Amino acid sequence: MRLEVITTVEEAGAERLDGRLVIAVDVLRATTTVVTALAHGVLGVWPVPSPAEAEALARSMEPGTCLRGGERGSFRLPGFDLGNSPLEYTAERVRGKHLILTTTNGTATIRRASCGSLAAVASLLNGHTVGTWAARQELDVVVLCAGTRGRFSLDDVLCAGQVTDALVEARHGAVELCDLAVAARQLYIHHRADLPGALRSTEHGRRLQTLGFSADVVYAAQAELWPVVPAYADGVVRLTSWGPGE
């Protein structure tokens, strides 16, 4: 098994993903929001590229069965039910609903993951669980980071390191790592004692704090808060029934 880390979605041509298990990561904030929504009872998350497509998909669903969530420029889209703050996605608000989500980078990253043979979604909230699950799939693995405006983003790479660390442990070291995966793992190990501090120090984390989303940054840093595996197939992200003890 080989594990590769790709630091931005723009770098991820289909040929780099074909035949692999692709794990989509956008810690601040889309995959953190997806994991939270599913953990709180959302039936499925439908990532779409644009607000117009979100509206069209919502109209095709039974009235009252879905919520529209998303952001542009970090703020909730006009007329949408929810933004991209994971703290909005409480069980009381989302349980039993379908979620249609569109964000600047994260939903594109999740959709790109479908170029692989198998796709999943990870954040720091569930990265260890996803890494342990990936170790059992017998496919080469790509951790696909969203990045920020086409550039390396430390928050995503920390999660890539978390996934890598769990996978290496689960396979007792029997995995080939690319250099970026080695670096990501070391970054995660270095910062895991203070993940909130690490996220607050990132460029994206600092920007969210200035916009009033400091609580989102702290929330996103809670390692393994939700030990779940969200799988993406046929246009929708749903929880698998897999658990760490299986």
# chains A, B, ... in the order shown; residues from 1 in each chain; ligands from 1
>>> closest_atom_pairs(of="region 87-151 of chain A", to="region 235-239 of chain A", cutoff="10 Å", atoms="only C-alpha atoms", output="tab-separated table")
residue	atom	partner	partner_atom	distance
A:His98	CA	A:Val236	CA	9.6
A:Leu99	CA	A:Val236	CA	9.4
A:Ile100	CA	A:Val236	CA	9.1
A:Ile110	CA	A:Val237	CA	8.9
A:Arg111	CA	A:Gly235	CA	7.7
A:Ser114	CA	A:Gly235	CA	8.4
A:Ala119	CA	A:Val237	CA	9.2
A:Ala120	CA	A:Val237	CA	8.0
A:Val121	CA	A:Val237	CA	8.0
>>> residues_around(residues="Glu92 (chain A)", least_positions_apart="3", cutoff="9 Å", atoms="only C-alpha atoms", output="PyMOL selection string")
chain A and resi 40+89+95
>>> residues_around(residues="Asn84 (chain A)", least_positions_apart="2", cutoff="12 Å", atoms="only C-alpha atoms", output="number ranges by chain")
A: 26-37, 68-77, 80-82, 86-89, 99-107, 208, 213, 216
>>> write_last_selection(atoms="C-alpha atoms", output="PDB file, in the first residue's frame")
ATOM      1  CA  ASP A  26     -10.910  20.747   4.188  1.00  0.00           C
ATOM      2  CA  VAL A  27     -10.519  21.302   7.926  1.00  0.00           C
ATOM      3  CA  LEU A  28     -11.526  24.993   7.869  1.00  0.00           C
ATOM      4  CA  ARG A  29     -14.306  24.313   7.383  1.00  0.00           C
ATOM      5  CA  ALA A  30     -16.217  22.164   4.892  1.00  0.00           C
ATOM      6  CA  THR A  31     -15.228  18.635   5.897  1.00  0.00           C
ATOM      7  CA  THR A  32     -15.502  19.555   9.575  1.00  0.00           C
ATOM      8  CA  THR A  33     -19.052  20.701   8.831  1.00  0.00           C
ATOM      9  CA  VAL A  34     -19.863  17.541   6.844  1.00  0.00           C
ATOM     10  CA  VAL A  35     -18.611  15.269   9.634  1.00  0.00           C
ATOM     11  CA  THR A  36     -20.531  17.245  12.263  1.00  0.00           C
ATOM     12  CA  ALA A  37     -23.757  17.257  10.265  1.00  0.00           C
ATOM     13  CA  ARG A  68     -29.326  24.308   1.956  1.00  0.00           C
ATOM     14  CA  GLY A  69     -25.968  25.132   3.477  1.00  0.00           C
ATOM     15  CA  GLY A  70     -22.980  26.982   2.171  1.00  0.00           C
ATOM     16  CA  GLU A  71     -20.745  30.010   1.968  1.00  0.00           C
ATOM     17  CA  ARG A  72     -18.867  32.333  -0.269  1.00  0.00           C
ATOM     18  CA  GLY A  73     -16.208  34.548   1.281  1.00  0.00           C
ATOM     19  CA  SER A  74     -16.739  32.567   4.533  1.00  0.00           C
ATOM     20  CA  PHE A  75     -20.272  33.924   5.059  1.00  0.00           C
ATOM     21  CA  ARG A  76     -23.647  32.228   4.639  1.00  0.00           C
ATOM     22  CA  LEU A  77     -25.137  32.506   1.173  1.00  0.00           C
ATOM     23  CA  PHE A  80     -29.696  29.630   2.539  1.00  0.00           C
ATOM     24  CA  ASP A  81     -30.733  27.822   5.712  1.00  0.00           C
ATOM     25  CA  LEU A  82     -27.207  27.425   7.093  1.00  0.00           C
ATOM     26  CA  PRO A  86     -20.027  23.461  11.953  1.00  0.00           C
ATOM     27  CA  LEU A  87     -21.520  24.918  15.119  1.00  0.00           C
ATOM     28  CA  GLU A  88     -24.724  25.718  13.226  1.00  0.00           C
ATOM     29  CA  TYR A  89     -25.269  22.027  12.497  1.00  0.00           C
ATOM     30  CA  LEU A  99     -28.094  18.628   3.388  1.00  0.00           C
ATOM     31  CA  ILE A 100     -27.189  20.299   0.112  1.00  0.00           C
ATOM     32  CA  LEU A 101     -23.845  22.023   0.584  1.00  0.00           C
ATOM     33  CA  THR A 102     -21.796  24.387  -1.558  1.00  0.00           C
ATOM     34  CA  THR A 103     -18.559  26.027  -0.417  1.00  0.00           C
ATOM     35  CA  THR A 104     -15.625  27.834  -1.974  1.00  0.00           C
ATOM     36  CA  ASN A 105     -13.154  24.919  -1.891  1.00  0.00           C
ATOM     37  CA  GLY A 106     -14.371  22.019   0.200  1.00  0.00           C
ATOM     38  CA  THR A 107     -17.256  20.740  -1.870  1.00  0.00           C
ATOM     39  CA  LEU A 208     -11.590  33.172  10.274  1.00  0.00           C
ATOM     40  CA  PHE A 213     -15.415  32.591  13.594  1.00  0.00           C
ATOM     41  CA  ASP A 216     -15.181  27.344  14.640  1.00  0.00           C
TER      42      ASP A 216
END
>>> select_by_dssp(residues="chain A", states="helix (DSSP H, G or I)", output="ChimeraX atom specification")
/A:9-11,14-17,30-39,51-60,86-88,91-94,106-113,127-134,154-170,179-201,203-210,214-220
>>> closest_residue(among="A:Val94, A:Ala54, A:Pro78, A:Leu167", to="Gly127 (chain A)", atoms="only C-alpha atoms")
A:Leu167
>>> residues_around(residues="Ala184 (chain A)", least_positions_apart="4", cutoff="7 Å", atoms="only C-alpha atoms", output="number ranges by chain")
A: 157-158, 160-161, 180, 188
>>> select_by_dssp(residues="region 28-179 of chain A", states="strand (DSSP E or B)", output="short mmCIF file (atom, residue, chain, number, x, y, z; two decimals) with N, CA and C atoms, in the first residue's frame")
data_model
loop_
_atom_site.label_atom_id
_atom_site.label_comp_id
_atom_site.auth_asym_id
_atom_site.auth_seq_id
_atom_site.Cartn_x
_atom_site.Cartn_y
_atom_site.Cartn_z
N GLY A 44 -27.79 12.53 4.61
CA GLY A 44 -26.78 12.55 3.56
C GLY A 44 -26.42 13.97 3.22
N VAL A 45 -25.19 14.17 2.76
CA VAL A 45 -24.72 15.50 2.35
C VAL A 45 -24.45 15.45 0.86
N TRP A 46 -25.08 16.39 0.13
CA TRP A 46 -24.95 16.47 -1.31
C TRP A 46 -24.05 17.67 -1.64
N PRO A 47 -22.76 17.45 -1.92
CA PRO A 47 -21.89 18.58 -2.27
C PRO A 47 -22.12 19.01 -3.73
N CYS A 66 -35.05 18.81 3.11
CA CYS A 66 -33.65 19.16 2.91
C CYS A 66 -33.34 20.56 3.44
N LEU A 67 -32.06 20.77 3.69
CA LEU A 67 -31.54 22.07 4.08
C LEU A 67 -30.47 22.48 3.09
N ARG A 68 -30.39 23.78 2.82
CA ARG A 68 -29.33 24.31 1.96
C ARG A 68 -28.30 24.99 2.84
N GLY A 69 -27.05 24.54 2.71
CA GLY A 69 -25.97 25.13 3.48
C GLY A 69 -24.85 25.57 2.56
N GLY A 70 -24.12 26.59 2.99
CA GLY A 70 -22.98 26.98 2.17
C GLY A 70 -22.49 28.38 2.43
N GLU A 71 -21.37 28.70 1.79
CA GLU A 71 -20.75 30.01 1.97
C GLU A 71 -20.03 30.44 0.70
N ARG A 72 -19.83 31.74 0.62
CA ARG A 72 -18.87 32.33 -0.27
C ARG A 72 -18.23 33.47 0.52
N PHE A 75 -18.98 33.57 4.48
CA PHE A 75 -20.27 33.92 5.06
C PHE A 75 -21.41 33.17 4.38
N ARG A 76 -22.48 32.95 5.14
CA ARG A 76 -23.65 32.23 4.64
C ARG A 76 -24.17 32.87 3.36
N LEU A 82 -28.39 27.52 6.23
CA LEU A 82 -27.21 27.42 7.09
C LEU A 82 -25.98 27.90 6.34
N HIS A 98 -31.82 15.95 4.62
CA HIS A 98 -30.75 15.92 3.64
C HIS A 98 -30.12 17.31 3.62
N LEU A 99 -28.81 17.36 3.45
CA LEU A 99 -28.09 18.63 3.39
C LEU A 99 -27.48 18.81 2.01
N ILE A 100 -27.80 19.91 1.38
CA ILE A 100 -27.19 20.30 0.11
C ILE A 100 -26.19 21.40 0.44
N LEU A 101 -24.92 21.15 0.12
CA LEU A 101 -23.85 22.02 0.58
C LEU A 101 -23.01 22.52 -0.58
N THR A 102 -22.72 23.82 -0.58
CA THR A 102 -21.80 24.39 -1.56
C THR A 102 -20.86 25.36 -0.86
N LEU A 118 -12.71 4.67 -4.53
CA LEU A 118 -13.42 4.78 -3.26
C LEU A 118 -13.10 6.15 -2.70
N ALA A 119 -14.08 6.80 -2.08
CA ALA A 119 -13.87 8.16 -1.59
C ALA A 119 -14.44 8.29 -0.18
N ALA A 120 -13.75 9.08 0.63
CA ALA A 120 -14.18 9.33 2.01
C ALA A 120 -13.88 10.78 2.36
N VAL A 121 -14.40 11.21 3.51
CA VAL A 121 -14.25 12.59 3.97
C VAL A 121 -13.66 12.57 5.37
N ALA A 122 -12.62 13.42 5.57
CA ALA A 122 -11.97 13.46 6.88
C ALA A 122 -11.75 14.89 7.33
N VAL A 141 -3.69 4.91 -1.27
CA VAL A 141 -4.47 6.00 -0.67
C VAL A 141 -3.91 7.35 -1.10
N VAL A 142 -4.82 8.27 -1.39
CA VAL A 142 -4.47 9.67 -1.61
C VAL A 142 -5.25 10.51 -0.62
N VAL A 143 -4.56 11.30 0.18
CA VAL A 143 -5.23 12.30 1.01
C VAL A 143 -5.22 13.60 0.23
N LEU A 144 -6.41 14.03 -0.18
CA LEU A 144 -6.56 15.19 -1.05
C LEU A 144 -6.97 16.40 -0.22
N CYS A 145 -6.04 17.31 -0.02
CA CYS A 145 -6.31 18.54 0.74
C CYS A 145 -6.92 19.60 -0.16
N THR A 148 -5.87 26.45 0.29
CA THR A 148 -6.52 27.76 0.40
C THR A 148 -6.09 28.62 -0.78
N ARG A 151 -3.22 27.28 -2.65
CA ARG A 151 -1.93 27.19 -1.96
C ARG A 151 -2.00 26.20 -0.80
N GLU A 176 4.03 2.45 2.16
CA GLU A 176 5.02 3.33 1.53
C GLU A 176 4.46 4.75 1.53
N LEU A 177 5.21 5.70 2.08
CA LEU A 177 4.77 7.08 2.17
C LEU A 177 5.55 7.96 1.19
#
>>> residues_around(residues="Leu21 (chain A)", least_positions_apart="6", cutoff="12 Å", atoms="only C-alpha atoms", output="MDAnalysis selection string")
chainID A and resid 1:5 112:121 130:131 133:144 231:233
>>> write_last_selection(atoms="C-alpha atoms", output="PDB file, in the first residue's frame")
ATOM      1  CA  MET A   1       0.000   0.000   0.000  1.00  0.00           C
ATOM      2  CA  ARG A   2       1.198   3.501  -0.837  1.00  0.00           C
ATOM      3  CA  LEU A   3      -0.065   6.756   0.657  1.00  0.00           C
ATOM      4  CA  GLU A   4       0.280  10.089  -1.122  1.00  0.00           C
ATOM      5  CA  VAL A   5      -0.681  13.555   0.097  1.00  0.00           C
ATOM      6  CA  ARG A 112     -12.928  15.512  -7.062  1.00  0.00           C
ATOM      7  CA  ALA A 113     -12.416  12.570  -4.705  1.00  0.00           C
ATOM      8  CA  SER A 114     -14.984  10.649  -6.757  1.00  0.00           C
ATOM      9  CA  CYS A 115     -12.292  10.211  -9.439  1.00  0.00           C
ATOM     10  CA  GLY A 116     -10.911   7.447  -7.231  1.00  0.00           C
ATOM     11  CA  SER A 117     -12.259   3.926  -6.795  1.00  0.00           C
ATOM     12  CA  LEU A 118     -13.425   4.779  -3.265  1.00  0.00           C
ATOM     13  CA  ALA A 119     -13.874   8.155  -1.586  1.00  0.00           C
ATOM     14  CA  ALA A 120     -14.183   9.334   2.008  1.00  0.00           C
ATOM     15  CA  VAL A 121     -14.253  12.590   3.969  1.00  0.00           C
ATOM     16  CA  VAL A 130     -10.694   7.291   8.670  1.00  0.00           C
ATOM     17  CA  GLY A 131      -7.000   6.396   8.571  1.00  0.00           C
ATOM     18  CA  TRP A 133     -10.479   2.298   8.097  1.00  0.00           C
ATOM     19  CA  ALA A 134      -8.372   3.129   5.034  1.00  0.00           C
ATOM     20  CA  ALA A 135      -5.660   0.729   6.222  1.00  0.00           C
ATOM     21  CA  ARG A 136      -8.104  -2.151   5.704  1.00  0.00           C
ATOM     22  CA  GLN A 137      -9.181  -1.292   2.173  1.00  0.00           C
ATOM     23  CA  GLU A 138      -6.136  -2.690   0.311  1.00  0.00           C
ATOM     24  CA  LEU A 139      -6.053   0.252  -2.080  1.00  0.00           C
ATOM     25  CA  ASP A 140      -3.361   2.853  -2.498  1.00  0.00           C
ATOM     26  CA  VAL A 141      -4.471   5.995  -0.672  1.00  0.00           C
ATOM     27  CA  VAL A 142      -4.466   9.674  -1.615  1.00  0.00           C
ATOM     28  CA  VAL A 143      -5.233  12.299   1.012  1.00  0.00           C
ATOM     29  CA  LEU A 144      -6.559  15.191  -1.052  1.00  0.00           C
ATOM     30  CA  ALA A 231     -18.079   7.741   2.388  1.00  0.00           C
ATOM     31  CA  TYR A 232     -18.849   9.629  -0.823  1.00  0.00           C
ATOM     32  CA  ALA A 233     -20.595   7.766  -3.646  1.00  0.00           C
TER      33      ALA A 233
END
>>> atom_distance(atom1="CA of Phe152 (chain A)", atom2="CA of Ala215 (chain A)")
22.9 Å
>>> residues_around(residues="Ser241 (chain A)", least_positions_apart="3", cutoff="10 Å", atoms="only C-alpha atoms", output="MDAnalysis selection string")
chainID A and resid 228:230 238 246
>>> write_last_selection(atoms="C-alpha atoms", output="PDB file, in the first residue's frame")
ATOM      1  CA  VAL A 228     -17.065   8.108  12.036  1.00  0.00           C
ATOM      2  CA  VAL A 229     -16.306   7.262   8.398  1.00  0.00           C
ATOM      3  CA  PRO A 230     -18.253   9.324   5.851  1.00  0.00           C
ATOM      4  CA  ARG A 238     -23.227   9.109   4.000  1.00  0.00           C
ATOM      5  CA  GLU A 246     -14.639  -4.165  13.441  1.00  0.00           C
TER       6      GLU A 246
END
